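Scroll down for the structure; my scribbles are underneath it.
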Amino acid sequence: MRPAFFLKEAFRALHRNAAPSLAATVTVLLTEIPILDEVLHAHVSVLGRDFAGYRNHTYRVMNLCVAQSSRDPEQLEKVAIAAAFHDLGIWTDGTFDYLPPSVRLARAYLVAAGRAEWTAEISEMILEHHKISRYRGAPRSLVEPFRRSD
C-alpha cells in the first residue's frame, strides 16, 4: 500500500462522522515545513540515525493534526513546534521519562523565538499527547487534535 494512500484513508477514517466536504478537502500532504525542519536539523546530531524516522513521525503527526484543525498559518506554526519537540527529550536527555525535557526544550525555543505567549498551549500539547482519554481543557486549543494525531 502506498504511504499517501494510507494517510488519505487515515484522514477519511478520522472524519467519517464529519461533514463530507471536510473529508474531501484533505488531499495535499505537508512535506516541507521550514520551521519544523529548522528545529529538527538543529538536533540532527543528537537524533543521529533516528533523524529520518523521527522527521517522518513529526510530519505524520503534523498532517493528521492539520486535518483535524486548520491550515491557519499561526496554528500551523504551533503544531510544527509541538511536533518537533514532543518526543525529542528521549534523545536529548536519554530517557523515556521525556515529557518534562521535551517541554523544557520547547519553552526555551519559544522564548528565544519571541513566541513565549504560546508556551502554555504548546507545553500542554506535549504533556497531553499520550493521554488515552479526550482532553477536556480549552476547547479551541490544539491539544485535543494533537493528542489524537500522535
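In the C-alpha cells, chains take letters A, B, ... by order of appearance, with residues numbered from 1 within each chain and ligands from 1 in the order shown.
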
**OP:** Considering only C-alpha atoms, return as a list in words whatever protein or nucleic-acid residues lie within 12 Å of Arg104 in chain A, sequence-local ones (same chain, fewer than 4 positions apart) excluded.
**Re:**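 So, after excluding close chain neighbours, the residues are Ala82, Phe85, His86, Asp87, Leu88, Gly89, Thr92, Asp93, Tyr98, Leu99, Pro100, Ala108, Tyr109, Leu110, Val111, Thr119, Ala120, Ile122, Ser123, Glu124, Ile126 and Leu127 of chain A.
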
Go ahead and dump the residues you just picked, N, CA and C atoms, as a PDB file, in the first residue's frame.
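Written out: selection-v3.pdb:
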```pdb
ATOM      1  N   ALA A  82       5.264  22.094  18.301  1.00  0.00           N
ATOM      2  CA  ALA A  82       4.908  20.998  19.209  1.00  0.00           C
ATOM      3  C   ALA A  82       5.359  19.652  18.643  1.00  0.00           C
ATOM      4  N   PHE A  85       9.182  19.060  19.000  1.00  0.00           N
ATOM      5  CA  PHE A  85       9.702  18.841  20.347  1.00  0.00           C
ATOM      6  C   PHE A  85       9.023  17.714  21.125  1.00  0.00           C
ATOM      7  N   HIS A  86       7.873  17.217  20.683  1.00  0.00           N
ATOM      8  CA  HIS A  86       7.050  16.370  21.544  1.00  0.00           C
ATOM      9  C   HIS A  86       7.725  15.107  22.061  1.00  0.00           C
ATOM     10  N   ASP A  87       8.626  14.505  21.319  1.00  0.00           N
ATOM     11  CA  ASP A  87       9.344  13.306  21.783  1.00  0.00           C
ATOM     12  C   ASP A  87      10.850  13.532  21.878  1.00  0.00           C
ATOM     13  N   LEU A  88      11.303  14.718  21.611  1.00  0.00           N
ATOM     14  CA  LEU A  88      12.734  14.999  21.484  1.00  0.00           C
ATOM     15  C   LEU A  88      13.536  14.699  22.751  1.00  0.00           C
ATOM     16  N   GLY A  89      12.915  14.827  23.911  1.00  0.00           N
ATOM     17  CA  GLY A  89      13.600  14.548  25.174  1.00  0.00           C
ATOM     18  C   GLY A  89      14.130  13.132  25.282  1.00  0.00           C
ATOM     19  N   THR A  92      17.581  13.874  23.669  1.00  0.00           N
ATOM     20  CA  THR A  92      18.410  14.904  24.309  1.00  0.00           C
ATOM     21  C   THR A  92      18.771  14.537  25.745  1.00  0.00           C
ATOM     22  N   ASP A  93      17.855  13.865  26.442  1.00  0.00           N
ATOM     23  CA  ASP A  93      18.103  13.517  27.835  1.00  0.00           C
ATOM     24  C   ASP A  93      18.299  12.017  28.048  1.00  0.00           C
ATOM     25  N   TYR A  98      10.438  11.439  29.135  1.00  0.00           N
ATOM     26  CA  TYR A  98      10.894  12.525  28.271  1.00  0.00           C
ATOM     27  C   TYR A  98       9.952  13.712  28.160  1.00  0.00           C
ATOM     28  N   LEU A  99       8.785  13.654  28.749  1.00  0.00           N
ATOM     29  CA  LEU A  99       7.863  14.778  28.607  1.00  0.00           C
ATOM     30  C   LEU A  99       8.410  16.063  29.244  1.00  0.00           C
ATOM     31  N   PRO A 100       8.885  16.036  30.498  1.00  0.00           N
ATOM     32  CA  PRO A 100       9.460  17.271  31.054  1.00  0.00           C
ATOM     33  C   PRO A 100      10.649  17.813  30.248  1.00  0.00           C
ATOM     34  N   ALA A 108      12.239  26.811  25.917  1.00  0.00           N
ATOM     35  CA  ALA A 108      13.459  27.578  25.612  1.00  0.00           C
ATOM     36  C   ALA A 108      13.410  28.078  24.169  1.00  0.00           C
ATOM     37  N   TYR A 109      12.958  27.228  23.264  1.00  0.00           N
ATOM     38  CA  TYR A 109      12.857  27.621  21.859  1.00  0.00           C
ATOM     39  C   TYR A 109      11.857  28.768  21.686  1.00  0.00           C
ATOM     40  N   LEU A 110      10.691  28.639  22.318  1.00  0.00           N
ATOM     41  CA  LEU A 110       9.649  29.656  22.175  1.00  0.00           C
ATOM     42  C   LEU A 110      10.103  31.014  22.715  1.00  0.00           C
ATOM     43  N   VAL A 111      10.795  31.013  23.827  1.00  0.00           N
ATOM     44  CA  VAL A 111      11.304  32.272  24.384  1.00  0.00           C
ATOM     45  C   VAL A 111      12.316  32.886  23.421  1.00  0.00           C
ATOM     46  N   THR A 119       3.679  29.395  24.976  1.00  0.00           N
ATOM     47  CA  THR A 119       4.266  28.372  25.838  1.00  0.00           C
ATOM     48  C   THR A 119       3.223  27.480  26.499  1.00  0.00           C
ATOM     49  N   ALA A 120       2.186  28.060  27.054  1.00  0.00           N
ATOM     50  CA  ALA A 120       1.183  27.260  27.771  1.00  0.00           C
ATOM     51  C   ALA A 120       0.521  26.233  26.850  1.00  0.00           C
ATOM     52  N   ILE A 122       1.482  25.045  23.821  1.00  0.00           N
ATOM     53  CA  ILE A 122       2.406  24.060  23.250  1.00  0.00           C
ATOM     54  C   ILE A 122       2.904  23.101  24.330  1.00  0.00           C
ATOM     55  N   SER A 123       3.136  23.601  25.532  1.00  0.00           N
ATOM     56  CA  SER A 123       3.522  22.721  26.641  1.00  0.00           C
ATOM     57  C   SER A 123       2.422  21.705  26.909  1.00  0.00           C
ATOM     58  N   GLU A 124       1.175  22.173  26.908  1.00  0.00           N
ATOM     59  CA  GLU A 124       0.035  21.283  27.133  1.00  0.00           C
ATOM     60  C   GLU A 124      -0.091  20.260  25.995  1.00  0.00           C
ATOM     61  N   ILE A 126       2.319  18.958  24.311  1.00  0.00           N
ATOM     62  CA  ILE A 126       3.360  17.958  24.545  1.00  0.00           C
ATOM     63  C   ILE A 126       2.998  17.075  25.740  1.00  0.00           C
ATOM     64  N   LEU A 127       2.598  17.695  26.837  1.00  0.00           N
ATOM     65  CA  LEU A 127       2.307  16.930  28.062  1.00  0.00           C
ATOM     66  C   LEU A 127       1.122  15.982  27.910  1.00  0.00           C
TER      67      LEU A 127
END
```

Original post:
By how many Å are CA of Ser149 in chain A and CA of Trp118 in chain A apart?
Top reply: 19.6 Å

Original post:
Using the chain letters and numbers from this document, which residues of range 7-148 of chain A does DSSP assign to alpha helix (DSSP H), as a ChimeraX atom specification?
Top reply: /A:7-14,20-25,34-42,44-47,51-68,73-85,89-92,99-112,119-127,143-148

Residues as selected, C-alpha atoms, written as a PDB file, in the first residue's frame, can you do that?
```
ATOM      1  CA  LEU A   7      -2.643   8.610   5.030  1.00  0.00           C
ATOM      2  CA  LYS A   8      -5.586   9.629   2.873  1.00  0.00           C
ATOM      3  CA  GLU A   9      -7.519   6.645   4.236  1.00  0.00           C
ATOM      4  CA  ALA A  10      -6.466   7.540   7.780  1.00  0.00           C
ATOM      5  CA  PHE A  11      -7.778  11.080   7.284  1.00  0.00           C
ATOM      6  CA  ARG A  12     -11.061   9.696   5.980  1.00  0.00           C
ATOM      7  CA  ALA A  13     -11.361   7.370   8.982  1.00  0.00           C
ATOM      8  CA  LEU A  14     -10.870  10.321  11.333  1.00  0.00           C
ATOM      9  CA  PRO A  20     -18.400  15.202   3.685  1.00  0.00           C
ATOM     10  CA  SER A  21     -16.796  18.394   2.407  1.00  0.00           C
ATOM     11  CA  LEU A  22     -14.206  18.280   5.236  1.00  0.00           C
ATOM     12  CA  ALA A  23     -13.080  14.749   4.400  1.00  0.00           C
ATOM     13  CA  ALA A  24     -12.959  15.605   0.715  1.00  0.00           C
ATOM     14  CA  THR A  25     -10.700  18.628   1.261  1.00  0.00           C
ATOM     15  CA  PRO A  34      10.549  25.231   7.193  1.00  0.00           C
ATOM     16  CA  ILE A  35      10.136  25.797  10.939  1.00  0.00           C
ATOM     17  CA  LEU A  36       9.732  22.075  11.617  1.00  0.00           C
ATOM     18  CA  ASP A  37      12.781  21.193   9.544  1.00  0.00           C
ATOM     19  CA  GLU A  38      14.780  24.018  11.145  1.00  0.00           C
ATOM     20  CA  VAL A  39      14.144  22.667  14.651  1.00  0.00           C
ATOM     21  CA  LEU A  40      14.831  19.087  13.618  1.00  0.00           C
ATOM     22  CA  HIS A  41      18.073  19.982  11.846  1.00  0.00           C
ATOM     23  CA  ALA A  42      19.234  21.837  14.965  1.00  0.00           C
ATOM     24  CA  VAL A  44      20.346  16.219  13.954  1.00  0.00           C
ATOM     25  CA  SER A  45      23.487  15.300  15.890  1.00  0.00           C
ATOM     26  CA  VAL A  46      21.561  14.055  18.919  1.00  0.00           C
ATOM     27  CA  LEU A  47      18.955  12.246  16.779  1.00  0.00           C
ATOM     28  CA  PHE A  51      16.690  11.512  12.367  1.00  0.00           C
ATOM     29  CA  ALA A  52      14.763  10.325   9.288  1.00  0.00           C
ATOM     30  CA  GLY A  53      12.360   8.203  11.333  1.00  0.00           C
ATOM     31  CA  TYR A  54      11.648  10.999  13.803  1.00  0.00           C
ATOM     32  CA  ARG A  55      11.206  13.514  10.991  1.00  0.00           C
ATOM     33  CA  ASN A  56       8.715  11.190   9.291  1.00  0.00           C
ATOM     34  CA  HIS A  57       6.856  10.744  12.591  1.00  0.00           C
ATOM     35  CA  THR A  58       6.627  14.508  13.157  1.00  0.00           C
ATOM     36  CA  TYR A  59       5.234  15.020   9.654  1.00  0.00           C
ATOM     37  CA  ARG A  60       2.618  12.280  10.182  1.00  0.00           C
ATOM     38  CA  VAL A  61       1.532  13.937  13.430  1.00  0.00           C
ATOM     39  CA  MET A  62       1.563  17.337  11.731  1.00  0.00           C
ATOM     40  CA  ASN A  63      -0.606  16.221   8.808  1.00  0.00           C
ATOM     41  CA  LEU A  64      -3.112  14.377  10.981  1.00  0.00           C
ATOM     42  CA  CYS A  65      -3.413  17.347  13.335  1.00  0.00           C
ATOM     43  CA  VAL A  66      -3.877  19.814  10.484  1.00  0.00           C
ATOM     44  CA  ALA A  67      -6.576  17.574   9.004  1.00  0.00           C
ATOM     45  CA  GLN A  68      -8.493  17.945  12.290  1.00  0.00           C
ATOM     46  CA  PRO A  73      -0.515  29.968   9.455  1.00  0.00           C
ATOM     47  CA  GLU A  74      -0.330  30.600  13.204  1.00  0.00           C
ATOM     48  CA  GLN A  75      -1.838  27.214  14.014  1.00  0.00           C
ATOM     49  CA  LEU A  76       0.493  25.507  11.525  1.00  0.00           C
ATOM     50  CA  GLU A  77       3.457  27.090  13.272  1.00  0.00           C
ATOM     51  CA  LYS A  78       2.225  25.999  16.712  1.00  0.00           C
ATOM     52  CA  VAL A  79       1.656  22.425  15.552  1.00  0.00           C
ATOM     53  CA  ALA A  80       5.066  22.331  13.853  1.00  0.00           C
ATOM     54  CA  ILE A  81       6.821  23.462  17.030  1.00  0.00           C
ATOM     55  CA  ALA A  82       4.908  20.998  19.209  1.00  0.00           C
ATOM     56  CA  ALA A  83       5.554  18.181  16.727  1.00  0.00           C
ATOM     57  CA  ALA A  84       9.261  18.934  16.576  1.00  0.00           C
ATOM     58  CA  PHE A  85       9.702  18.841  20.347  1.00  0.00           C
ATOM     59  CA  GLY A  89      13.600  14.548  25.174  1.00  0.00           C
ATOM     60  CA  ILE A  90      14.089  10.828  24.504  1.00  0.00           C
ATOM     61  CA  TRP A  91      17.269  11.696  22.616  1.00  0.00           C
ATOM     62  CA  THR A  92      18.410  14.904  24.309  1.00  0.00           C
ATOM     63  CA  LEU A  99       7.863  14.778  28.607  1.00  0.00           C
ATOM     64  CA  PRO A 100       9.460  17.271  31.054  1.00  0.00           C
ATOM     65  CA  PRO A 101      12.688  17.519  28.996  1.00  0.00           C
ATOM     66  CA  SER A 102      10.663  17.921  25.783  1.00  0.00           C
ATOM     67  CA  VAL A 103       8.616  20.737  27.340  1.00  0.00           C
ATOM     68  CA  ARG A 104      11.798  22.385  28.630  1.00  0.00           C
ATOM     69  CA  LEU A 105      13.293  22.355  25.120  1.00  0.00           C
ATOM     70  CA  ALA A 106      10.093  23.739  23.578  1.00  0.00           C
ATOM     71  CA  ARG A 107       9.844  26.508  26.179  1.00  0.00           C
ATOM     72  CA  ALA A 108      13.459  27.578  25.612  1.00  0.00           C
ATOM     73  CA  TYR A 109      12.857  27.621  21.859  1.00  0.00           C
ATOM     74  CA  LEU A 110       9.649  29.656  22.175  1.00  0.00           C
ATOM     75  CA  VAL A 111      11.304  32.272  24.384  1.00  0.00           C
ATOM     76  CA  ALA A 112      14.279  32.559  22.008  1.00  0.00           C
ATOM     77  CA  THR A 119       4.266  28.372  25.838  1.00  0.00           C
ATOM     78  CA  ALA A 120       1.183  27.260  27.771  1.00  0.00           C
ATOM     79  CA  GLU A 121      -0.641  25.748  24.783  1.00  0.00           C
ATOM     80  CA  ILE A 122       2.406  24.060  23.250  1.00  0.00           C
ATOM     81  CA  SER A 123       3.522  22.721  26.641  1.00  0.00           C
ATOM     82  CA  GLU A 124       0.035  21.283  27.133  1.00  0.00           C
ATOM     83  CA  MET A 125       0.128  19.745  23.632  1.00  0.00           C
ATOM     84  CA  ILE A 126       3.360  17.958  24.545  1.00  0.00           C
ATOM     85  CA  LEU A 127       2.307  16.930  28.062  1.00  0.00           C
ATOM     86  CA  VAL A 143      -4.239  19.988  22.421  1.00  0.00           C
ATOM     87  CA  GLU A 144      -7.014  17.525  21.512  1.00  0.00           C
ATOM     88  CA  PRO A 145      -6.290  17.336  17.756  1.00  0.00           C
ATOM     89  CA  PHE A 146      -2.577  16.936  18.547  1.00  0.00           C
ATOM     90  CA  ARG A 147      -3.310  14.174  21.069  1.00  0.00           C
ATOM     91  CA  ARG A 148      -5.449  12.281  18.574  1.00  0.00           C
TER      92      ARG A 148
END
```

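Between CA of His130 in chain A and CA of Asp97 in chain A lies a distance of 12.2 Å.
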